[in-house]
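Trainee: So that we are looking at the same thing, I have put the structure below in structure tokens.
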There are 4 protein chains.
Amino acid sequence: MPKVPHALREIVYQANLRLARSGLVTGTFGNVSAVDRDAGVFVIKPSGVPYEDVTPERTVAVSLETGETIDSDLRPSSDAPTHLAIYRAFDCGGVVHTHSEYATTLAQARLPVRCMGTTHADYFHGDVPVTRPMTREEVETAYEANTGLVIVETFTARGLSPVEIPAVLVANHGPFAWGPDAFTAIEHAEVLEYLAAIEFKVRLVAPDAPRPDAFLVDKHYLRKHGPAAYYGQRRTRT
Amino acid sequence: MPKVPHALREIVYQANLRLARSGLVTGTFGNVSAVDRDAGVFVIKPSGVPYEDVTPERTVAVSLETGETIDSDLRPSSDAPTHLAIYRAFDCGGVVHTHSEYATTLAQARLPVRCMGTTHADYFHGDVPVTRPMTREEVETAYEANTGLVIVETFTARGLSPVEIPAVLVANHGPFAWGPDAFTAIEHAEVLEYLAAIEFKVRLVAPDAPRPDAFLVDKHYLRKHGPAAYYGQRRTRT
Amino acid sequence: MPKVPHALREIVYQANLRLARSGLVTGTFGNVSAVDRDAGVFVIKPSGVPYEDVTPERTVAVSLETGETIDSDLRPSSDAPTHLAIYRAFDCGGVVHTHSEYATTLAQARLPVRCMGTTHADYFHGDVPVTRPMTREEVETAYEANTGLVIVETFTARGLSPVEIPAVLVANHGPFAWGPDAFTAIEHAEVLEYLAAIEFKVRLVAPDAPRPDAFLVDKHYLRKHGPAAYYGQRRTRT
Amino acid sequence: MPKVPHALREIVYQANLRLARSGLVTGTFGNVSAVDRDAGVFVIKPSGVPYEDVTPERTVAVSLETGETIDSDLRPSSDAPTHLAIYRAFDCGGVVHTHSEYATTLAQARLPVRCMGTTHADYFHGDVPVTRPMTREEVETAYEANTGLVIVETFTARGLSPVEIPAVLVANHGPFAWGPDAFTAIEHAEVLEYLAAIEFKVRLVAPDAPRPDAFLVDKHYLRKHGPAAYYGQRRTRT
């Protein structure tokens, strides 16, 4: 059985605190996890426990190989199998699920968060897609695992990069976001909500507004990401 | 005359504090009550008193049998007869009335809060209905009691379960919610407002968006409610 | 020259503090005043002074008879002549002007705040009207006084009661509200903003929604106002 | 090489604190700068540094003449060349860039913030324009400098006054605002966001609403600005 690094529990505990303060979750909705690929485990919030009652010790570890809970009397978040499927398929270190208002609105409307401006392009290199609806069989058997598989399919079938577009809207459900670590995943979920709020408003006030040119989108994405990035302090001594 | 348990007053006092902090009420609008069916009484906020001036002793008790105020110089909330009608007809321990913004918007628009996603289905097993308009006679005679009867009729005439759908929009008025206790009633009112905000937005941005499949709605409702529930920690030792 | 009661300055100072905290004003926009009809004066915020720098001594008194500033080095709010016209024509003790977001939206759209529900009827006995646009002459000569006269005309020409409908939207400008005292005027402005937010949303989501029946509106207005009122604790010992 | 006045760094530090608290920025988006034209420098936030980590010493100075960073290991905000172009062309002492929600919505919708009311006219003497989209060449070479040149072109080509209209929406990007100093620039950005929120709502609820008469707009602008201004305390002893 894999050994669970205490530092990973601490990270997930801190990330849950930040998620609870982010305004992205209502009640006990929402969860965040982080993975240690060397240890072969990810750690996630316990199911249905109020954010204020979570401690590092009460986080729940899950095996990346078997998907089973490791050494815990508490159940992991019911969405743990969705996180597992994402960790198995995507290159990321943290995953977060919220029910933030505007992203959930677009998920229920089955509309993507289109890339309509430079703020979007600073974080997501293209539209944030919405999944297809799940089938009866996918829902009635291993629902949460299948949610993850439908997320993965959304990227593979459409040739999208989960590194360049680190978020998705699950149809009639809500957003999932990921990133190199749990805190960046939350940052992506926060920016996604901001972008969804603007996208919602643009659709209402100017449904036929032209998209930004591709060279503008590329410029913004590439000045923050990849080998030619020049945003921030990464190349200078601070 | 029924004896009023002090614990019931304390619960209603605490529930009023939580309601006042919830953001669901403006000024002195809104009220919450809790029932003790063995004692034959429910306790409610006094009418028109600012939330900060309510104490356990100043809450007002009402007889479930007669509808009369028990041993108090203060009047109960003017909506007390509505609460009474709900307690008499529905299996619940707490009732709350708010004028929260989006739920009131839909009540004025005479539109139900449709079940358009999994967050809705986690709490309400179907659309949250809107009542029919009240008649002149219902308004001019025993208005508040008739408001309660029209709420009850909305469920009985349409074959809806007040346990599976613990809230309603009163046409041109606003939402009422209930639950096994006063705090859960408030939680239902909070979630209802969140859902109404999303439903409002979905209607604007995608008026023809398809509803989620029934099997998805059932999956989410039943994984949190009923004998097959597996959300939260109810089946494991914590 | 009229003598200015210090208590009146204190009231206006306190009312300005409450207004600043209400969320109804942005920057130095907005002002509140109170009248002492026996003393023949009203007191108002000084023009362009940040809310945090207002003290009772720095409030500015204006003569009800002449409209002139009384014994002050500071100028009164530039809207003082509007307040004066309202005090001269309407039975009220306090006046407030804000640029609150939804009420200003409807003022710019030249749309009244229609009475679409019971919350509206609890405070305003009918639609809150919007003034006609002002003429070039009214704007170029004694603009602020004419703003007040156009407000008064809105009520007199349409046979509306400024006691039963204690607020107005000035076309392409924003809301004014009044009441028996300055604090109630602010309460009216707060409720007006809440109602304008809902009215805005109802117009978007259900532009043809039917109005509530007149008997429902009357029921709500009259259970809180007038000789048959039974809301609150006014008739019982507290 | 120009000498950088410490007071200028202190101003920019304080202005960044105010910007961070304004609600206009998300994450590290947004930046504010101030110029000392005698010293030949402007000072701006370092690129990608969280607002809480900025100190006066960590602000970055840029030469007005050469556009080069002066004596700093940190990079200036990547938008520094945009600020530079604005300082070179417009009569102003501070510049701010935000991604505030409603202004960004209109920028993405390529819609100006029309002057629809007196609140707008109190600050901006006409519509706040939106730039033309940038060409591929402008984006791919010296993008940030060209953003500034397109802003300047928007005013010169249309004969607009950057003093009377101290803000712009960059198409598919977001708002820039300026003013006589950095704090006034932020105030302009705050008022612009408020006006954009109302303009968005007016477009939805009353797309054909008539504009206010020009004499009303002039009245409001000129009572606060220019030789005939009478708003505030500027002409009396305080």
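Each chain in the structure tokens gets a letter, A, B, ..., in the order shown, and its residues are numbered from 1; ligands are numbered from 1 in order too.
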With only C-alpha atoms as the counted atoms, please give the residues lying no more than 12 Å from Asp53 of chain D, apart from itself and same-chain residues fewer than 2 positions off, as JSON, numbers by chain.
Mentor: {"A": [238], "D": [13, 16, 17, 20, 28, 45, 46, 47, 48, 49, 50, 51, 55, 56, 57, 58, 59]}
Trainee: May I have the residues of chain A within 12 Å of chain D, counting only C-alpha atoms, written as a ChimeraX atom specification?
Mentor: /A:22,114-123,184,186-188,190-220,222-224,229-238
Trainee: Show which residues sit within 9 Å of Leu19 of chain A, as a list in words. Count only C-alpha atoms, and ignore same-chain residues fewer than 2 positions away.
Mentor: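 My reading of the contact set: Gln14, Ala15, Asn16, Leu17, Arg21, Ser22, Gly23, Leu24, Val25, Gly30, Asn31, Val32, Tyr51, Val96, Thr98, Phe183 and Ile186 of chain A.
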Trainee: Show which residues sit within 6 Å of Val62 of chain D, as a list of chain:residue names. Count only C-alpha atoms, and ignore same-chain residues fewer than 3 positions away.
Mentor: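 Counting only the stated atoms, we get D:Val41, D:Phe42, D:Gly67, D:Glu68, D:Thr69, D:Ile70.
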Trainee: Enumerate as a ChimeraX atom specification all residues of segment 109-222 of chain D assigned to alpha helix (DSSP H) by DSSP on the backbone, naming them with the chain letters and numbers the document uses.
Mentor: /D:109,118-123,136-140,143-158,182-205,214-222
Trainee: What are the DSSP strand (DSSP E) residues of segment 2-236 of chain A, as an MDAnalysis selection string?
Mentor: chainID A and resid 31:36 41:44 60:63 69:70 94:97 167:170 174:179
Trainee: Residues near segment 83-86 of chain A, anyone? I mean within 7 Å using only C-alpha atoms, not counting same-chain ones fewer than 5 positions away, as a list in words.
Mentor: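 Non-adjacent residues within range: Leu64, Gly67, Val95, Ala145, Gly148, Leu149 and Val152 of chain A.
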Trainee: Grab the residues selected above and save them as a compact mmCIF listing (two decimals), in the first residue's frame with N, CA, C and O atoms.
Mentor:
# COMPACT_ATOMS: atom_id res chain seq x y z
N LEU A 64 -3.39 5.96 -6.66
CA LEU A 64 -3.49 6.24 -8.10
C LEU A 64 -3.67 4.95 -8.89
O LEU A 64 -4.29 4.95 -9.95
N GLY A 67 -7.29 3.17 -7.02
CA GLY A 67 -8.45 4.02 -6.76
C GLY A 67 -9.05 3.79 -5.39
O GLY A 67 -10.10 4.33 -5.05
N VAL A 95 -6.20 19.20 -8.75
CA VAL A 95 -7.51 19.25 -9.43
C VAL A 95 -8.51 19.90 -8.48
O VAL A 95 -8.47 19.64 -7.27
N ALA A 145 -16.53 8.04 -11.89
CA ALA A 145 -15.38 7.66 -12.74
C ALA A 145 -15.68 8.02 -14.19
O ALA A 145 -14.82 8.56 -14.91
N GLY A 148 -15.12 11.58 -15.10
CA GLY A 148 -13.72 11.84 -15.42
C GLY A 148 -13.37 11.39 -16.83
O GLY A 148 -12.67 12.09 -17.57
N LEU A 149 -13.88 10.23 -17.22
CA LEU A 149 -13.56 9.72 -18.56
C LEU A 149 -14.16 10.61 -19.65
O LEU A 149 -13.54 10.82 -20.70
N VAL A 152 -11.91 13.55 -20.01
CA VAL A 152 -10.71 13.20 -20.77
C VAL A 152 -11.05 13.08 -22.26
O VAL A 152 -10.34 13.62 -23.13
Trainee: For Leu160 of chain D, list every protein, DNA or RNA residue within 12 Å, evaluated using only C-alpha atoms, and leave out those in the same chain fewer than 3 positions away; present the list as number ranges by chain.
Mentor: D: 90, 124-129, 151-157, 163-168
Trainee: Please produce a file of the residues just selected, as a PDB file, in the first residue's frame, where the atoms kept are N, CA, C and O atoms.
Mentor:
ATOM      1  N   PHE D  90      -0.487  62.309 -24.036  1.00  0.00           N
ATOM      2  CA  PHE D  90      -1.610  62.914 -23.316  1.00  0.00           C
ATOM      3  C   PHE D  90      -1.105  63.737 -22.135  1.00  0.00           C
ATOM      4  O   PHE D  90      -0.101  63.399 -21.508  1.00  0.00           O
ATOM      5  N   PHE D 124     -17.018  62.219 -17.534  1.00  0.00           N
ATOM      6  CA  PHE D 124     -16.530  62.039 -18.903  1.00  0.00           C
ATOM      7  C   PHE D 124     -17.412  62.854 -19.838  1.00  0.00           C
ATOM      8  O   PHE D 124     -18.626  62.657 -19.872  1.00  0.00           O
ATOM      9  N   HIS D 125     -16.798  63.729 -20.613  1.00  0.00           N
ATOM     10  CA  HIS D 125     -17.573  64.635 -21.462  1.00  0.00           C
ATOM     11  C   HIS D 125     -17.862  63.976 -22.819  1.00  0.00           C
ATOM     12  O   HIS D 125     -17.420  64.470 -23.865  1.00  0.00           O
ATOM     13  N   GLY D 126     -18.600  62.875 -22.775  1.00  0.00           N
ATOM     14  CA  GLY D 126     -18.951  62.144 -23.994  1.00  0.00           C
ATOM     15  C   GLY D 126     -18.700  60.665 -23.816  1.00  0.00           C
ATOM     16  O   GLY D 126     -18.249  60.214 -22.753  1.00  0.00           O
ATOM     17  N   ASP D 127     -18.971  59.884 -24.876  1.00  0.00           N
ATOM     18  CA  ASP D 127     -18.770  58.432 -24.815  1.00  0.00           C
ATOM     19  C   ASP D 127     -17.303  58.102 -24.545  1.00  0.00           C
ATOM     20  O   ASP D 127     -16.401  58.772 -25.062  1.00  0.00           O
ATOM     21  N   VAL D 128     -17.069  57.051 -23.765  1.00  0.00           N
ATOM     22  CA  VAL D 128     -15.717  56.510 -23.621  1.00  0.00           C
ATOM     23  C   VAL D 128     -15.526  55.530 -24.778  1.00  0.00           C
ATOM     24  O   VAL D 128     -16.237  54.525 -24.881  1.00  0.00           O
ATOM     25  N   PRO D 129     -14.568  55.828 -25.680  1.00  0.00           N
ATOM     26  CA  PRO D 129     -14.505  55.078 -26.939  1.00  0.00           C
ATOM     27  C   PRO D 129     -13.834  53.718 -26.789  1.00  0.00           C
ATOM     28  O   PRO D 129     -13.155  53.441 -25.791  1.00  0.00           O
ATOM     29  N   ILE D 151      -4.309  53.526 -28.742  1.00  0.00           N
ATOM     30  CA  ILE D 151      -5.101  54.351 -27.808  1.00  0.00           C
ATOM     31  C   ILE D 151      -5.004  55.821 -28.218  1.00  0.00           C
ATOM     32  O   ILE D 151      -6.020  56.527 -28.315  1.00  0.00           O
ATOM     33  N   VAL D 152      -3.787  56.273 -28.452  1.00  0.00           N
ATOM     34  CA  VAL D 152      -3.594  57.689 -28.816  1.00  0.00           C
ATOM     35  C   VAL D 152      -4.309  57.995 -30.134  1.00  0.00           C
ATOM     36  O   VAL D 152      -5.026  58.998 -30.249  1.00  0.00           O
ATOM     37  N   GLU D 153      -4.183  57.103 -31.102  1.00  0.00           N
ATOM     38  CA  GLU D 153      -4.860  57.278 -32.395  1.00  0.00           C
ATOM     39  C   GLU D 153      -6.374  57.409 -32.228  1.00  0.00           C
ATOM     40  O   GLU D 153      -7.030  58.184 -32.927  1.00  0.00           O
ATOM     41  N   THR D 154      -6.924  56.638 -31.289  1.00  0.00           N
ATOM     42  CA  THR D 154      -8.381  56.659 -31.062  1.00  0.00           C
ATOM     43  C   THR D 154      -8.848  58.074 -30.731  1.00  0.00           C
ATOM     44  O   THR D 154      -9.923  58.505 -31.162  1.00  0.00           O
ATOM     45  N   PHE D 155      -8.006  58.803 -29.981  1.00  0.00           N
ATOM     46  CA  PHE D 155      -8.386  60.162 -29.596  1.00  0.00           C
ATOM     47  C   PHE D 155      -8.073  61.166 -30.704  1.00  0.00           C
ATOM     48  O   PHE D 155      -8.893  62.037 -31.013  1.00  0.00           O
ATOM     49  N   THR D 156      -6.885  61.050 -31.299  1.00  0.00           N
ATOM     50  CA  THR D 156      -6.492  62.049 -32.299  1.00  0.00           C
ATOM     51  C   THR D 156      -7.335  61.888 -33.563  1.00  0.00           C
ATOM     52  O   THR D 156      -7.857  62.872 -34.090  1.00  0.00           O
ATOM     53  N   ALA D 157      -7.521  60.657 -34.038  1.00  0.00           N
ATOM     54  CA  ALA D 157      -8.247  60.456 -35.296  1.00  0.00           C
ATOM     55  C   ALA D 157      -9.713  60.880 -35.174  1.00  0.00           C
ATOM     56  O   ALA D 157     -10.332  61.286 -36.156  1.00  0.00           O
ATOM     57  N   VAL D 163      -8.289  64.864 -22.043  1.00  0.00           N
ATOM     58  CA  VAL D 163      -8.517  65.504 -20.743  1.00  0.00           C
ATOM     59  C   VAL D 163      -9.993  65.424 -20.377  1.00  0.00           C
ATOM     60  O   VAL D 163     -10.351  65.148 -19.224  1.00  0.00           O
ATOM     61  N   GLU D 164     -10.857  65.630 -21.350  1.00  0.00           N
ATOM     62  CA  GLU D 164     -12.295  65.593 -21.067  1.00  0.00           C
ATOM     63  C   GLU D 164     -12.844  64.160 -21.034  1.00  0.00           C
ATOM     64  O   GLU D 164     -13.892  63.906 -20.444  1.00  0.00           O
ATOM     65  N   ILE D 165     -12.148  63.252 -21.691  1.00  0.00           N
ATOM     66  CA  ILE D 165     -12.559  61.830 -21.676  1.00  0.00           C
ATOM     67  C   ILE D 165     -11.333  61.013 -21.276  1.00  0.00           C
ATOM     68  O   ILE D 165     -10.631  60.438 -22.114  1.00  0.00           O
ATOM     69  N   PRO D 166     -11.058  60.932 -19.962  1.00  0.00           N
ATOM     70  CA  PRO D 166      -9.797  60.329 -19.505  1.00  0.00           C
ATOM     71  C   PRO D 166      -9.854  58.806 -19.348  1.00  0.00           C
ATOM     72  O   PRO D 166      -9.440  58.268 -18.325  1.00  0.00           O
ATOM     73  N   ALA D 167     -10.335  58.104 -20.370  1.00  0.00           N
ATOM     74  CA  ALA D 167     -10.361  56.634 -20.321  1.00  0.00           C
ATOM     75  C   ALA D 167     -10.663  56.105 -21.709  1.00  0.00           C
ATOM     76  O   ALA D 167     -11.179  56.820 -22.571  1.00  0.00           O
ATOM     77  N   VAL D 168     -10.361  54.813 -21.906  1.00  0.00           N
ATOM     78  CA  VAL D 168     -10.597  54.162 -23.194  1.00  0.00           C
ATOM     79  C   VAL D 168     -10.787  52.671 -22.941  1.00  0.00           C
ATOM     80  O   VAL D 168     -10.318  52.145 -21.931  1.00  0.00           O
TER      81      VAL D 168
END
Trainee: For the atom pair atom CA of Asp91 of chain C and atom CA of Ala182 of chain C, what is the interatomic distance in Å to one decimal place?
Mentor: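 Atom CA of Ala182 of chain C lies at a distance of 12.9 Å from atom CA of Asp91 of chain C.
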Trainee: Would you compute the distance between atom CA of Ala39 of chain A and atom CA of Pro81 of chain A? Give it in Å to one decimal.
Mentor: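 Here the two named atoms are 18.0 Å from each other.
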Trainee: Considering only C-alpha atoms, can you say which of C:Thr131, C:Pro5, C:Ser161, C:Trp178 comes closest to Ser33 of chain C?
Mentor: C:Trp178
